[in-house]
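One structure below.
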Amino acid sequence: MSEQNSAAVKQPNTPESGAKLGWLDRTFEISKRGSTVGREIRGGLVTFFAMVYILVLNPIILSGPDSTGGYLGGGSEPNLVAISAGTALVAGVLTILMGAVANFPLALAAGLGLNSMVAFTIVQIPGMTWADGMGIIVIEGVVIVLLVLTGLREAIFRAVPKFLRTAISVGIGLFITLVGLVNAGIVRPGATPLSFGVNGSISTWPLVVFVVTLFLTIILMVRHVKGAILWGIVVGTVLAIVVEAVGKLGPATPEDPNGWGLTVPALQGSPVNVPDFSTLGQFSVVGPFQKIGIVSVAVLAFSVMLADFFDTMGTMVAVGAEGDLLDDQGNPPRTFQILLIDSLGAISGGMGGVSSNTSFVESSTGVADGARTGLSAIVTGVAFLLATFLAPLFSIVPNEAAAPALVAVGFLMMQQVTEIDWKDLSIAIPAFMTLAIMPFGYSITVGIGFGFITHVIMETVMGRARKVHVLMWIVAALFVIYFLLEPINSLLGVY
C-alpha cells in the first residue's frame, strides 16, 4: 500500500468532512480507509471471480453417495444444480452479512477441506447419511459460536504473538500461490510429489492461457493500472473462450491432459436458470448421536472445528495485512463481529446442506485490487446471489483465467516477510515452520499448528516458558491431539 493511501487510512473522519460525504461513504468509512466506491465495487467483483470456482467444485465434492447410497438433495442420482445453487445462496447471504455487520472485505463460501472431510469421511461411516453429516457441521458451528460469544475465540487470537501472525499471513501467500498454480495445472501431482506443466513443458492451450493471463496481470500491476487483477481475469476468460471455440478442447482427463482443468469456458444453453434449493434443510442433529454415539460425534466435531477455527484466524490476518487494516498489535477492526459471522457460517452451511462456510483467503485478491471495506463484501455477496440464477454464465470462467490472480496476490502477501526478525532463531524457526508447512502440507490449519507448537517449544528451551500465554499452551496441546487423531481414534475404536 502506498504512503498516500496509508495516510488516508489513518486520517480521522471529522464531523465537518463527514457531513460532506454520502451515506454510503460514512457507513462503510470508505474515504477514511483510503478507498472509493468504485474500488470497492471492483474489488468485490475480483473476489467473486477468484472464488466462483467453488460453485463448480463444491457440487463435485458433495455429489457422491453416502454410506446408505443416498445423494445430497434427495433423489437417486447426484443433483449438481441444487448443490451449486445452495452453495451460492449461503455464500451470498453470509458474505453480505460480513460486509454489513463487520465492515470488513472478507467473503465466505463452502470451505474446501471441510467439505472433503464431510464427503469422504463423515458420511462414509456405516449408517451415516448426508443429513447426518451436515448435522455434525451444525453441531461444530454451535460450539464455535459459543466460543465467540464467551470471548474465548477472540482471546486465543489476541494471545498469538505478532510475529506468528505475520508468518501466518506470509504462509497463506505461499499457500494461495500454490493453490493457483495447481488449479491452473502449471504444477501437477505426478511421479514425483509435484511436476511442472504437462510432461515438464507448457504444451497445452489452457497452460498458455494461464501464462498469458499471469504476465498480463503482472504487467498491469507494474504499470499501476486500476483494476489490474480484474482486467486480467476478464481478458483471460475472453482468451479462453476463443481458444475453446476454435480448438474444442473440452475438459482434461487423466488420458488426455490437454483440456481445461475444471471449467470449460463455453456457454451451454441459456445463461439464466431457475435455482433449485432442495439441499436447504437437509441436516439432522440427532441422527449422528443415534448412529455413531457421543464419543464419535465429539471427535468428528472437534476435527472439523479446529480446522475451521484457525483457518479463519489466518485468513482474517492475511486480508487485513494486505489492506493495511490491522492495528499496531496486528488486530483487524471489529474482530468480534468478523469471528461471529464466520462462526455462523458453519451453522448456515450445515443447515443449507452445502457444508461449513468459512472465510476465503481469495478475498485478498479483491483487497489487492483496492477493496478496504465491507461494501466490497456486499458486492461479492450480491454476485453470489445473482449466480443462483446466472450459474451457467459465471461458470464459464476457467481456473486458468482466475488462478493468475491468486499467484499475483501471493506475491503481494510475501512482501510482509521482511517484518520477521530472521536473526532471532527463537522467532525465525517457528515463523519458518509456519510458512513452509502451510503450502507444502496444503493446509492453513496444519501450518498454523506446526508454528504454534514450535513457538511453545522454542520459548521453553530458551527458559521463557512462563512468558507464553496460557491460551497458547492450551491451543498447542489441542494441535498435538489434532495431529495424533488417527492413532487416538484407533485406540478408542472411534469410526
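Each chain in the C-alpha cells gets a letter, A, B, ..., in the order shown, and its residues are numbered from 1; ligands are numbered from 1 in order too.
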
Closest atom pairs, segment 114-202 of chain A residues within 12 Å of segment 400-415 of chain A, only C-alpha atoms, as JSON lines:
```
{"residue": "A:Thr166", "atom": "CA", "partner": "A:Met413", "partner_atom": "CA", "distance": 9.7}
{"residue": "A:Ala167", "atom": "CA", "partner": "A:Met414", "partner_atom": "CA", "distance": 9.5}
{"residue": "A:Ile168", "atom": "CA", "partner": "A:Met413", "partner_atom": "CA", "distance": 10.2}
{"residue": "A:Ser169", "atom": "CA", "partner": "A:Met413", "partner_atom": "CA", "distance": 6.8}
{"residue": "A:Val170", "atom": "CA", "partner": "A:Met414", "partner_atom": "CA", "distance": 5.1}
{"residue": "A:Gly171", "atom": "CA", "partner": "A:Met414", "partner_atom": "CA", "distance": 7.9}
{"residue": "A:Ile172", "atom": "CA", "partner": "A:Gly410", "partner_atom": "CA", "distance": 7.6}
{"residue": "A:Gly173", "atom": "CA", "partner": "A:Gly410", "partner_atom": "CA", "distance": 4.0}
{"residue": "A:Leu174", "atom": "CA", "partner": "A:Gly410", "partner_atom": "CA", "distance": 5.8}
{"residue": "A:Phe175", "atom": "CA", "partner": "A:Gly410", "partner_atom": "CA", "distance": 7.7}
{"residue": "A:Ile176", "atom": "CA", "partner": "A:Leu406", "partner_atom": "CA", "distance": 5.8}
{"residue": "A:Thr177", "atom": "CA", "partner": "A:Val407", "partner_atom": "CA", "distance": 4.4}
{"residue": "A:Leu178", "atom": "CA", "partner": "A:Val407", "partner_atom": "CA", "distance": 7.6}
{"residue": "A:Val179", "atom": "CA", "partner": "A:Leu406", "partner_atom": "CA", "distance": 7.6}
{"residue": "A:Gly180", "atom": "CA", "partner": "A:Ala403", "partner_atom": "CA", "distance": 4.4}
{"residue": "A:Leu181", "atom": "CA", "partner": "A:Ala403", "partner_atom": "CA", "distance": 6.8}
{"residue": "A:Val182", "atom": "CA", "partner": "A:Ala403", "partner_atom": "CA", "distance": 8.7}
{"residue": "A:Asn183", "atom": "CA", "partner": "A:Ala403", "partner_atom": "CA", "distance": 6.6}
{"residue": "A:Ala184", "atom": "CA", "partner": "A:Glu400", "partner_atom": "CA", "distance": 4.6}
{"residue": "A:Gly185", "atom": "CA", "partner": "A:Glu400", "partner_atom": "CA", "distance": 7.8}
{"residue": "A:Ile186", "atom": "CA", "partner": "A:Glu400", "partner_atom": "CA", "distance": 9.1}
{"residue": "A:Val187", "atom": "CA", "partner": "A:Ala403", "partner_atom": "CA", "distance": 11.7}
```

Hey, can you spit out that residue selection with C-alpha atoms as an mmCIF file, in the first residue's frame?
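Result saved to result_31.cif:
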```
data_model
loop_
_atom_site.group_PDB
_atom_site.id
_atom_site.type_symbol
_atom_site.label_atom_id
_atom_site.label_comp_id
_atom_site.auth_asym_id
_atom_site.auth_seq_id
_atom_site.Cartn_x
_atom_site.Cartn_y
_atom_site.Cartn_z
ATOM 1 C CA THR A 166 2.902 -12.164 10.164
ATOM 2 C CA ALA A 167 4.272 -15.639 9.420
ATOM 3 C CA ILE A 168 0.711 -16.924 9.014
ATOM 4 C CA SER A 169 -0.024 -14.153 6.518
ATOM 5 C CA VAL A 170 3.138 -14.865 4.511
ATOM 6 C CA GLY A 171 2.448 -18.603 4.654
ATOM 7 C CA ILE A 172 -1.028 -18.028 3.293
ATOM 8 C CA GLY A 173 0.526 -16.020 0.460
ATOM 9 C CA LEU A 174 2.656 -19.038 -0.452
ATOM 10 C CA PHE A 175 -0.338 -21.320 0.051
ATOM 11 C CA ILE A 176 -2.664 -19.447 -2.307
ATOM 12 C CA THR A 177 0.162 -19.185 -4.839
ATOM 13 C CA LEU A 178 0.464 -22.973 -4.818
ATOM 14 C CA VAL A 179 -3.335 -23.297 -4.974
ATOM 15 C CA GLY A 180 -3.361 -21.052 -8.026
ATOM 16 C CA LEU A 181 -0.554 -22.973 -9.733
ATOM 17 C CA VAL A 182 -2.204 -26.343 -9.023
ATOM 18 C CA ASN A 183 -5.664 -25.130 -10.077
ATOM 19 C CA ALA A 184 -4.228 -23.877 -13.344
ATOM 20 C CA GLY A 185 -2.356 -27.126 -13.955
ATOM 21 C CA ILE A 186 1.044 -25.459 -14.257
ATOM 22 C CA VAL A 187 2.040 -27.507 -11.186
#
```

Please give the complete set of residues from segment 72-139 of chain A that DSSP, run on the backbone, assigns to helix (DSSP H, G or I), formatted as a PyMOL selection string.
-> chain A and resi 80-102+114-120+122-124+130-139

Show me a table, sorted first by chain and then by increasing residue number, of the residues of segment 85-142 of chain A having an atom at most 6 Å from segment 380-399 of chain A, each with its shortest atom pair and the distance in Å to one decimal, counting only C-alpha atoms and written as a tab-separated table.
```
residue	atom	partner	partner_atom	distance
A:Ala85	CA	A:Thr388	CA	4.9
A:Ala88	CA	A:Phe384	CA	5.1
A:Leu89	CA	A:Leu385	CA	5.5
A:Gly92	CA	A:Gly381	CA	3.9
A:Thr95	CA	A:Gly381	CA	4.9
A:Ile96	CA	A:Gly381	CA	5.0
```

Write down as a PyMOL selection string the residues belonging to segment 120-236 of chain A that are assigned strand (DSSP E or B) by DSSP computed on the backbone.
-> chain A and resi 187-188+195-196+198+201

Write the residues you've just listed into a file as a compact mmCIF listing (two decimals), in the first residue's frame, and include C-alpha atoms for each of them.
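Output file result.txt follows:
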```txt
# COMPACT_ATOMS: atom_id res chain seq x y z
CA VAL A 187 2.04 -27.51 -11.19
CA ARG A 188 0.64 -31.04 -11.03
CA SER A 195 5.80 -31.70 -11.53
CA PHE A 196 5.77 -28.78 -13.95
CA VAL A 198 2.45 -31.45 -18.90
CA SER A 201 6.57 -28.26 -20.52
```

Measuring atom to atom with only C-alpha atoms, identify which of A:Ile437, A:Ile233, A:Ile30, A:Val242 is nearest to Pro105 of chain A.
-> A:Ile30

Who sits within 7 Å of Gly345 of chain A, only C-alpha atoms, same chain under 2 positions skipped, as a ChimeraX atom specification = /A:94,341-343,347-349,356-358

Atom CA of Glu140 of chain A to atom CA of Leu300 of chain A: how many Å, to one decimal?
-> 8.7 Å

Which neighbours of Leu164 of chain A fall inside 10 Å, counting only C-alpha atoms, when residues of the same chain fewer than 6 positions from it are skipped, and could you give them as a ChimeraX atom specification?
-> /A:170,314,420,427-428,430-432,434-435,448,451-452,455

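Take the candidates A:Ser63, A:Asn103, A:Asn58, A:Gln416 and check each one against Arg33 of chain A using only C-alpha atoms; the shortest distance goes to A:Asn103.
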
Write out as a tab-separated table the residues of segment 119-213 of chain A that have any atom within 9 Å of an atom of segment 463-485 of chain A, one row each with the nearest atom pair and its distance in Å to one decimal, counting only C-alpha atoms, sorted by chain and then rising number.
```
residue	atom	partner	partner_atom	distance
A:Ala155	CA	A:Leu471	CA	8.0
A:Ile156	CA	A:Leu471	CA	6.0
A:Ala159	CA	A:His469	CA	6.2
A:Val160	CA	A:Met472	CA	6.9
```

Quick one: of A:Gly64, A:Phe450, A:Val209, A:Val243, who's nearest to Ser76 of chain A, counting only C-alpha atoms?
->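 Under the stated criterion, the closest residue is A:Gly64.
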
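If only C-alpha atoms are the atoms counted, then among A:Ile60, A:Leu24, A:Ala107, A:Leu492 the closest residue to Ser296 of chain A is A:Leu492.
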
Figure out the distance between atom CA of Leu339 of chain A and atom CA of Leu72 of chain A, please, to one decimal in Å.
->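 That distance, rounded to one decimal, is 28.5 Å.
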
Which residue gives the smallest distance to Gly70 of chain A among A:Ala228, A:Ala266, A:Ala131, A:Met433, with only C-alpha atoms counted?
->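 Comparing A:Ala228, A:Ala266, A:Ala131, A:Met433 against Gly70 of chain A, the winner is A:Ala131.
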
Using only C-alpha atoms, which of A:Ser278, A:Ser364, A:Asn273, A:Ser203 sits nearest Ile229 of chain A?
-> A:Ser364

Taken to one decimal, the atom CA of Thr279 of chain A-atom CA of Gly352 of chain A distance is 6.1 Å
